[in-house]
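Participant: Data file data-v1.cif (mmCIF, C-alpha atoms and all ligand atoms) is appended below.
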data_model
#
loop_
_atom_site.label_atom_id
_atom_site.label_comp_id
_atom_site.auth_asym_id
_atom_site.auth_seq_id
_atom_site.Cartn_x
_atom_site.Cartn_y
_atom_site.Cartn_z
CA MET A 1 0.00 0.00 0.00
CA ASP A 2 1.36 3.38 -1.06
CA ASP A 3 1.27 5.83 1.86
CA SER A 4 1.66 8.91 -0.35
CA TYR A 5 -0.79 11.74 -0.42
CA ILE A 6 0.48 12.72 -3.81
CA SER A 7 2.21 10.74 -6.53
CA VAL A 8 3.54 12.55 -9.56
CA LYS A 9 3.95 10.21 -12.51
CA ASN A 10 5.88 11.06 -15.65
CA LEU A 11 4.71 14.66 -15.56
CA ILE A 12 5.31 16.62 -18.75
CA LYS A 13 4.57 20.27 -19.37
CA THR A 14 5.28 22.07 -22.61
CA TYR A 15 4.34 25.53 -23.82
CA SER A 16 3.87 26.05 -27.52
CA SER A 17 4.20 29.28 -29.38
CA LYS A 18 4.42 29.92 -33.12
CA ALA A 19 8.18 30.01 -32.90
CA GLU A 20 8.94 26.99 -30.74
CA GLU A 21 7.83 24.35 -28.31
CA LEU A 22 9.25 24.91 -24.87
CA VAL A 23 9.60 21.78 -22.74
CA VAL A 24 9.39 22.97 -19.14
CA LEU A 25 8.97 19.60 -17.40
CA SER A 26 10.13 16.51 -19.21
CA GLY A 27 8.71 13.55 -17.35
CA ILE A 28 9.26 13.97 -13.62
CA ASN A 29 8.30 11.48 -10.92
CA PHE A 30 8.10 12.00 -7.17
CA LYS A 31 5.92 11.41 -4.14
CA ILE A 32 4.79 13.39 -1.15
CA GLY A 33 4.07 11.22 1.87
CA ARG A 34 1.74 11.97 4.73
CA GLY A 35 3.27 14.53 7.05
CA GLU A 36 6.31 14.78 4.83
CA ILE A 37 8.22 18.00 4.15
CA VAL A 38 9.56 18.12 0.62
CA CYS A 39 11.90 20.73 -0.80
CA LEU A 40 11.94 21.32 -4.55
CA LEU A 41 15.30 22.93 -5.18
CA GLY A 42 16.32 24.49 -8.47
CA THR A 43 17.67 27.54 -10.22
CA SER A 44 15.44 30.13 -11.86
CA GLY A 45 13.51 28.68 -14.79
CA SER A 46 14.04 25.04 -13.77
CA GLY A 47 10.26 24.48 -13.54
CA LYS A 48 9.53 24.84 -9.81
CA THR A 49 6.49 27.11 -10.01
CA THR A 50 5.17 25.11 -12.97
CA THR A 51 5.35 21.93 -10.88
CA LEU A 52 3.56 23.52 -7.93
CA ASN A 53 0.82 24.96 -10.16
CA LEU A 54 0.20 21.50 -11.61
CA LEU A 55 0.09 19.93 -8.13
CA ALA A 56 -2.46 22.50 -7.01
CA GLY A 57 -4.62 21.99 -10.08
CA ILE A 58 -4.05 25.61 -11.14
CA ASP A 59 -2.54 24.44 -14.44
CA LYS A 60 -3.00 21.32 -16.58
CA PRO A 61 -0.19 18.94 -17.52
CA THR A 62 0.61 18.19 -21.15
CA ALA A 63 0.99 14.53 -20.17
CA GLY A 64 1.45 12.44 -17.06
CA LYS A 65 -0.52 12.08 -13.87
CA ILE A 66 -0.90 13.61 -10.45
CA LEU A 67 -2.56 11.20 -8.06
CA TYR A 68 -4.07 12.54 -4.85
CA ASP A 69 -4.95 9.62 -2.60
CA GLU A 70 -4.77 7.50 -5.76
CA ASN A 71 -7.21 9.71 -7.69
CA GLU A 72 -5.99 11.47 -10.82
CA ILE A 73 -6.78 15.14 -10.11
CA HIS A 74 -6.72 16.29 -13.71
CA SER A 75 -9.50 13.85 -14.61
CA TRP A 76 -11.85 15.65 -12.23
CA THR A 77 -14.52 18.13 -13.26
CA LEU A 78 -13.69 21.82 -12.82
CA ASN A 79 -15.98 21.93 -9.78
CA HIS A 80 -14.24 18.99 -8.15
CA LEU A 81 -10.87 20.55 -8.89
CA SER A 82 -11.98 23.84 -7.29
CA GLU A 83 -13.11 21.95 -4.19
CA TYR A 84 -9.70 20.28 -4.03
CA ARG A 85 -7.93 23.64 -4.33
CA LEU A 86 -10.15 25.21 -1.72
CA ASN A 87 -10.18 22.43 0.86
CA GLU A 88 -7.05 20.32 0.45
CA ILE A 89 -4.45 22.78 -0.79
CA GLY A 90 -2.97 25.79 0.98
CA PHE A 91 -0.95 27.75 -1.57
CA ILE A 92 1.63 30.40 -0.72
CA PHE A 93 2.42 32.19 -3.98
CA GLN A 94 5.83 33.44 -5.03
CA ASP A 95 4.45 36.98 -5.43
CA PHE A 96 2.08 37.03 -2.42
CA TYR A 97 -1.07 37.65 -4.52
CA LEU A 98 -2.71 39.61 -1.73
CA LEU A 99 -5.67 41.76 -2.74
CA GLU A 100 -4.30 45.27 -2.32
CA HIS A 101 -7.60 46.98 -1.49
CA LEU A 102 -8.44 44.53 1.30
CA THR A 103 -6.99 44.53 4.81
CA ALA A 104 -4.84 41.69 6.13
CA LEU A 105 -7.90 40.38 7.98
CA GLU A 106 -10.13 40.53 4.90
CA ASN A 107 -7.53 38.77 2.76
CA ILE A 108 -7.54 35.88 5.22
CA MET A 109 -11.35 35.81 5.34
CA ILE A 110 -11.62 35.15 1.59
CA PRO A 111 -11.05 31.37 1.55
CA LEU A 112 -13.40 31.01 4.52
CA ILE A 113 -16.15 32.98 2.80
CA LEU A 114 -15.57 30.97 -0.40
CA ARG A 115 -16.07 27.81 1.62
CA GLY A 116 -19.48 29.14 2.70
CA GLU A 117 -18.71 30.34 6.24
CA THR A 118 -20.65 33.32 7.60
CA GLU A 119 -18.91 36.69 7.70
CA ASP A 120 -18.97 36.71 11.51
CA PHE A 121 -17.36 33.29 11.75
CA ALA A 122 -14.81 34.13 9.05
CA LYS A 123 -13.82 37.34 10.85
CA GLU A 124 -13.44 35.66 14.22
CA TYR A 125 -11.45 32.79 12.76
CA ALA A 126 -9.26 35.11 10.67
CA VAL A 127 -8.41 37.09 13.82
CA ASP A 128 -7.29 33.83 15.47
CA LEU A 129 -5.22 32.95 12.41
CA LEU A 130 -3.58 36.38 12.42
CA HIS A 131 -2.62 35.85 16.05
CA SER A 132 -1.25 32.39 15.25
CA VAL A 133 1.12 33.92 12.69
CA GLY A 134 2.13 36.67 15.13
CA LEU A 135 0.34 39.51 13.34
CA GLY A 136 -2.60 40.21 15.60
CA ARG A 137 -1.91 43.94 15.69
CA LYS A 138 -1.89 44.40 11.92
CA ALA A 139 -5.37 43.09 11.19
CA LEU A 140 -6.62 46.32 9.70
CA ASN A 141 -3.52 47.18 7.67
CA LEU A 142 -3.61 47.06 3.90
CA PRO A 143 -0.88 44.97 2.23
CA GLN A 144 0.96 48.14 1.17
CA GLU A 145 1.26 49.04 4.86
CA LEU A 146 3.00 45.75 5.68
CA SER A 147 6.64 44.69 5.36
CA SER A 148 7.49 41.75 3.09
CA GLY A 149 7.82 39.44 6.10
CA GLU A 150 4.45 40.58 7.42
CA LYS A 151 2.83 40.11 4.00
CA GLN A 152 4.21 36.59 3.92
CA ARG A 153 2.66 35.92 7.34
CA VAL A 154 -0.71 37.03 5.98
CA CYS A 155 -0.20 34.64 3.05
CA VAL A 156 0.60 31.82 5.47
CA ALA A 157 -2.55 32.54 7.49
CA ARG A 158 -4.64 32.67 4.30
CA ALA A 159 -3.13 29.40 3.10
CA ILE A 160 -3.99 27.48 6.28
CA ALA A 161 -7.44 29.06 6.78
CA ASN A 162 -9.32 26.07 5.40
CA SER A 163 -7.14 23.48 7.19
CA PRO A 164 -5.58 22.04 4.04
CA SER A 165 -3.88 18.67 4.03
CA ILE A 166 -1.01 19.98 1.91
CA LEU A 167 0.77 23.28 2.13
CA ILE A 168 2.41 24.37 -1.12
CA ALA A 169 4.84 27.23 -0.67
CA ASP A 170 6.56 28.78 -3.67
CA GLU A 171 9.85 30.31 -2.49
CA PRO A 172 8.33 31.32 0.85
CA THR A 173 11.50 33.13 1.87
CA GLY A 174 12.54 34.34 -1.58
CA THR A 175 12.07 38.05 -0.97
CA LEU A 176 13.11 38.04 2.69
CA ASP A 177 16.39 38.57 4.52
CA THR A 178 17.89 35.53 6.23
CA LYS A 179 16.50 36.24 9.71
CA THR A 180 12.99 37.03 8.48
CA GLY A 181 13.17 34.01 6.15
CA ASP A 182 14.14 31.75 9.04
CA ASP A 183 11.23 33.11 11.07
CA ILE A 184 8.83 32.28 8.24
CA MET A 185 10.28 28.77 7.83
CA GLU A 186 9.99 28.24 11.57
CA LEU A 187 6.37 29.35 11.45
CA LEU A 188 5.61 27.06 8.51
CA LEU A 189 7.21 24.05 10.19
CA LYS A 190 5.35 24.72 13.40
CA LEU A 191 2.01 24.95 11.60
CA VAL A 192 2.72 21.89 9.46
CA GLN A 193 3.42 19.83 12.53
CA LYS A 194 0.58 21.24 14.62
CA ASN A 195 -2.03 20.79 11.87
CA LYS A 196 -0.59 17.48 10.64
CA MET A 197 -0.11 18.73 7.10
CA SER A 198 2.37 17.74 4.42
CA MET A 199 4.37 20.51 2.80
CA ILE A 200 6.19 21.02 -0.47
CA TYR A 201 8.17 24.23 -0.83
CA THR A 202 10.53 25.53 -3.46
CA SER A 203 13.82 27.30 -3.12
CA HIS A 204 16.95 28.08 -5.08
CA ASP A 205 18.96 28.16 -1.85
CA PRO A 206 20.52 24.88 -0.59
CA TYR A 207 20.55 26.40 2.92
CA LEU A 208 16.80 25.98 3.04
CA THR A 209 16.86 22.25 2.34
CA LYS A 210 18.00 21.48 5.84
CA VAL A 211 14.54 21.08 7.30
CA ALA A 212 13.21 18.87 4.50
CA ASP A 213 12.57 15.13 4.78
CA LYS A 214 13.03 14.86 1.04
CA ILE A 215 14.97 17.01 -1.40
CA ILE A 216 14.21 17.01 -5.10
CA VAL A 217 16.71 18.87 -7.24
CA LEU A 218 15.17 20.09 -10.47
CA GLN A 219 17.34 21.08 -13.40
CA LYS A 220 15.92 22.19 -16.73
CA GLY A 221 12.69 20.32 -16.12
CA LYS A 222 14.33 17.07 -15.05
CA ILE A 223 14.98 15.61 -11.63
CA LYS A 224 18.72 15.68 -11.17
CA LYS A 225 18.81 14.34 -7.63
CA TYR A 226 16.26 12.82 -5.24
CA THR A 227 17.27 12.51 -1.61
CA GLN A 228 15.15 10.97 1.09
CA LYS A 229 16.55 11.91 4.48
CA GLU A 230 15.97 9.62 7.40
CA PHE A 231 16.25 12.56 9.74
CA PRO A 232 16.31 16.20 8.68
CA GLU A 233 19.63 17.81 9.48
CA VAL A 234 20.04 19.46 12.85
CA GLY A 235 18.71 22.94 12.54
CA TYR A 236 15.13 22.40 13.54
CA ASP A 237 14.03 21.04 16.88
CA LYS A 238 10.63 19.45 16.36
CA GLU A 239 9.89 19.41 20.10
CA SER A 240 10.38 23.08 20.80
CA PHE A 241 9.46 24.27 17.28
CA GLN A 242 12.83 25.98 17.23
CA PHE A 243 14.45 26.58 13.88
CA LEU A 244 18.12 26.86 14.68
CA VAL A 245 19.98 29.18 12.38
CA GLY A 246 23.13 27.83 10.80
CA GLY A 247 22.71 24.31 12.20
CA GLU A 248 23.51 25.30 15.78
CA SER A 249 22.83 22.73 18.42
CA GLY A 250 19.97 23.34 20.80
CA GLU A 251 21.89 24.64 23.80
N1 LIG B 301 2.61 30.48 -19.28
C1 LIG B 301 3.83 30.25 -19.80
N2 LIG B 301 4.05 30.33 -21.13
C2 LIG B 301 5.27 30.06 -21.65
N3 LIG B 301 6.35 29.73 -20.91
C3 LIG B 301 6.20 29.66 -19.58
C4 LIG B 301 4.93 29.90 -18.94
N4 LIG B 301 5.08 29.75 -17.61
C5 LIG B 301 6.38 29.43 -17.41
N5 LIG B 301 7.04 29.37 -18.59
C6 LIG B 301 8.45 29.03 -18.76
O1 LIG B 301 8.70 27.82 -18.09
C7 LIG B 301 10.01 27.80 -17.52
C8 LIG B 301 9.91 27.43 -16.06
O2 LIG B 301 9.21 28.46 -15.38
P1 LIG B 301 8.91 28.37 -13.82
O3 LIG B 301 8.14 29.60 -13.46
O4 LIG B 301 8.33 27.06 -13.50
O5 LIG B 301 10.40 28.41 -13.24
P2 LIG B 301 10.89 28.53 -11.72
O6 LIG B 301 11.80 27.37 -11.46
O7 LIG B 301 9.73 28.69 -10.83
O8 LIG B 301 11.78 29.85 -11.76
P3 LIG B 301 11.96 31.02 -10.63
O9 LIG B 301 12.96 30.49 -9.63
O10 LIG B 301 12.51 32.18 -11.40
O11 LIG B 301 10.63 31.32 -10.02
C9 LIG B 301 10.60 29.18 -17.79
O12 LIG B 301 11.45 29.07 -18.89
C10 LIG B 301 9.39 30.03 -18.12
O13 LIG B 301 9.72 31.04 -19.04
MG MG B 302 9.06 30.22 -9.59
#
Would you encode the structure as structure tokens?
Facilitator:
Amino acid sequence: MDDSYISVKNLIKTYSSKAEELVVLSGINFKIGRGEIVCLLGTSGSGKTTTLNLLAGIDKPTAGKILYDENEIHSWTLNHLSEYRLNEIGFIFQDFYLLEHLTALENIMIPLILRGETEDFAKEYAVDLLHSVGLGRKALNLPQELSSGEKQRVCVARAIANSPSILIADEPTGTLDTKTGDDIMELLLKLVQKNKMSMIYTSHDPYLTKVADKIIVLQKGKIKKYTQKEFPEVGYDKESFQFLVGGESGE
């Protein structure tokens, strides 16, 4: 019995224009297990965002399969796929994608309202989520009034609002300095463990692979290296939720 939430099988993605056919993913295979933390590592243009968009059902593969609990997601109806995106996937986008005219609180309320919750419930729950990401005091700020690290916290809260089973984070620390990036990673790991989620995140920085159970190195649309770690490297203490910068020991 396969204990994977997600199995990616021979996934191919090409983009065609008049001039050429661009092969972005040329037949990749990998799995995400229950509770597993997977890092997709690769340089710019290697196909990381494309892979995540396919996993989330935002984009359609040219060929190949993505099985979620052994069901092929791209064979579903659009409605079923939307339900999957809304209820099972928490997506943290590379460019935040916060609605600029809505407050931090309102941005987090959106997935709850989409799921059919009342406005009162959504507001109350979104306040709790803001507190859980350490941003309780910024509820009424617009995105433009937040720092990049704070915006990312809003994105994290929005992504977990509907208690997804899988968190998909596209370069969650990409625009942040090392300390702020570490804080965000620490927050993500804490939430993943607390809510019993799986997580796949992308990065171009090998430093950020240290908390992953599995590292997939993507190069020009192919998997160059696939490492399953028995134990993530020291650097994150699962008991205390401490992310230890630079692989320091816990003392
Ligand atoms: N809609 C599209 N149409 C045509 N080409 C695309 C499209 N989306 C992505 N590509 C191309 O696919 C390749 C992979 O893009 P992708 O965004 O997946 O890379 P990435 O690994 O996420 O890079 P980065 O680290 O810069 O975010 C790039 O060459 C990009 O130009
Ligand atoms: Mg990208």
Participant: With distances taken over only C-alpha atoms, which of A:Thr227, A:Thr77, A:Gln219, A:Ser163 is nearest to Ser26 of chain A?
Facilitator: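 Answer, going by the shortest atom-to-atom distance: A:Gln219.
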Participant: 8 Å from ligand MG 302 (chain B) is the threshold here; counting all atoms listed in the file, which polymer residues fall inside it? Answer as an NGL selection string.
Facilitator: :A and (44-45 or 47-50 or 94 or 170-171 or 202)
Participant: Quick one: distance from atom CA of Leu102 of chain A to atom CA of Ser198 of chain A in Å, one decimal?
Facilitator: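 Straight-line distance from atom CA of Leu102 of chain A to atom CA of Ser198 of chain A works out to 29.1 Å.
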Participant: Pick from A:Ile113, A:Leu135, A:Ala56, A:Leu142: nearest to Leu187 of chain A, with all atoms listed in the file counted?
Facilitator: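 So, comparing all the options, the nearest one is A:Leu135.
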Participant: Would you mind listing what lies within 12 Å of Cys155 of chain A as a ChimeraX atom specification, with all atoms listed in the file counted and same-chain residues fewer than 5 positions away left out?
Facilitator: /A:90-99,104-111,126,129-130,133,135,143,146,148-150,160-161,167-170,172-173,184,187-188
Participant: Would you please work out which residue, of A:Gly136, A:Gly42, A:Gly64, A:Gly33, is nearest to Pro206 of chain A when using only C-alpha atoms?
Facilitator: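 The shortest atom-to-atom distance to Pro206 of chain A comes from A:Gly42.
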Participant: Could you tell me which of A:Lys13, A:Arg85, A:Arg115, A:Lys31 comes closest to ligand LIG 301 (chain B) if we count all atoms listed in the file?
Facilitator: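 Ranked by minimum distance to ligand LIG 301 (chain B), first place goes to A:Lys13.
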Participant: Have a look at A:Glu88, A:Asp183, A:Asp69, A:Asp59 and name the one nearest to Gly134 of chain A; count only C-alpha atoms.
Facilitator: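 Selected residue with least distance to Gly134 of chain A: A:Asp183.
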Participant: For the atom pair atom CA of Leu140 of chain A and atom CA of Val156 of chain A, what is the interatomic distance in Å to one decimal place?
Facilitator: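 Computed distance, atom CA of Leu140 of chain A to atom CA of Val156 of chain A, equals 16.7 Å.
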Participant: So how far away is atom CA of Lys222 of chain A from atom CA of Ile28 of chain A, in Å?
Facilitator: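 The value is 6.1 Å.
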Participant: Out of A:Ala139, A:Leu55, A:Val127, A:Leu218, which residue has the shortest atom-to-atom distance to ligand LIG 301 (chain B) when counting all atoms listed in the file?
Facilitator: A:Leu218
Participant: Excluding Val217 of chain A and any residue of its chain fewer than 2 positions from it, enumerate the residues within 8 Å of it, using only C-alpha atoms, and give them as a compact mmCIF listing (two decimals) with C-alpha atoms, keeping the file's coordinate frame.
Facilitator:
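Printed below is result.txt as written:
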# COMPACT_ATOMS: atom_id res chain seq x y z
CA LEU A 40 11.94 21.32 -4.55
CA LEU A 41 15.30 22.93 -5.18
CA GLY A 42 16.32 24.49 -8.47
CA ILE A 215 14.97 17.01 -1.40
CA GLN A 219 17.34 21.08 -13.40
CA ILE A 223 14.98 15.61 -11.63
CA LYS A 224 18.72 15.68 -11.17
CA LYS A 225 18.81 14.34 -7.63
CA TYR A 226 16.26 12.82 -5.24
Participant: Take the point (-6.4, 11.9, -5.4) in the file's coordinates, draw a sphere of radius 12 Å around it, and report as a list in words every protein, DNA or RNA residue with an atom inside or on it, counting all atoms listed in the file.
Facilitator: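 Looking at atoms near the point gives Ser4, Tyr5, Ile6, Ser7, Val8, Leu55, Ala56, Gly57, Lys65, Ile66, Leu67, Tyr68, Asp69, Glu70, Asn71, Glu72, Ile73, His74, Ser75, Trp76, His80, Leu81, Tyr84, Arg85, Glu88, Ile89 and Ser165 of chain A.
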Participant: Extract, using only C-alpha atoms, all DNA, RNA and protein residues at most 9 Å from Tyr15 of chain A, discarding same-chain residues fewer than 6 positions from it, and format them as number ranges by chain.
Facilitator: A: 21-24, 62
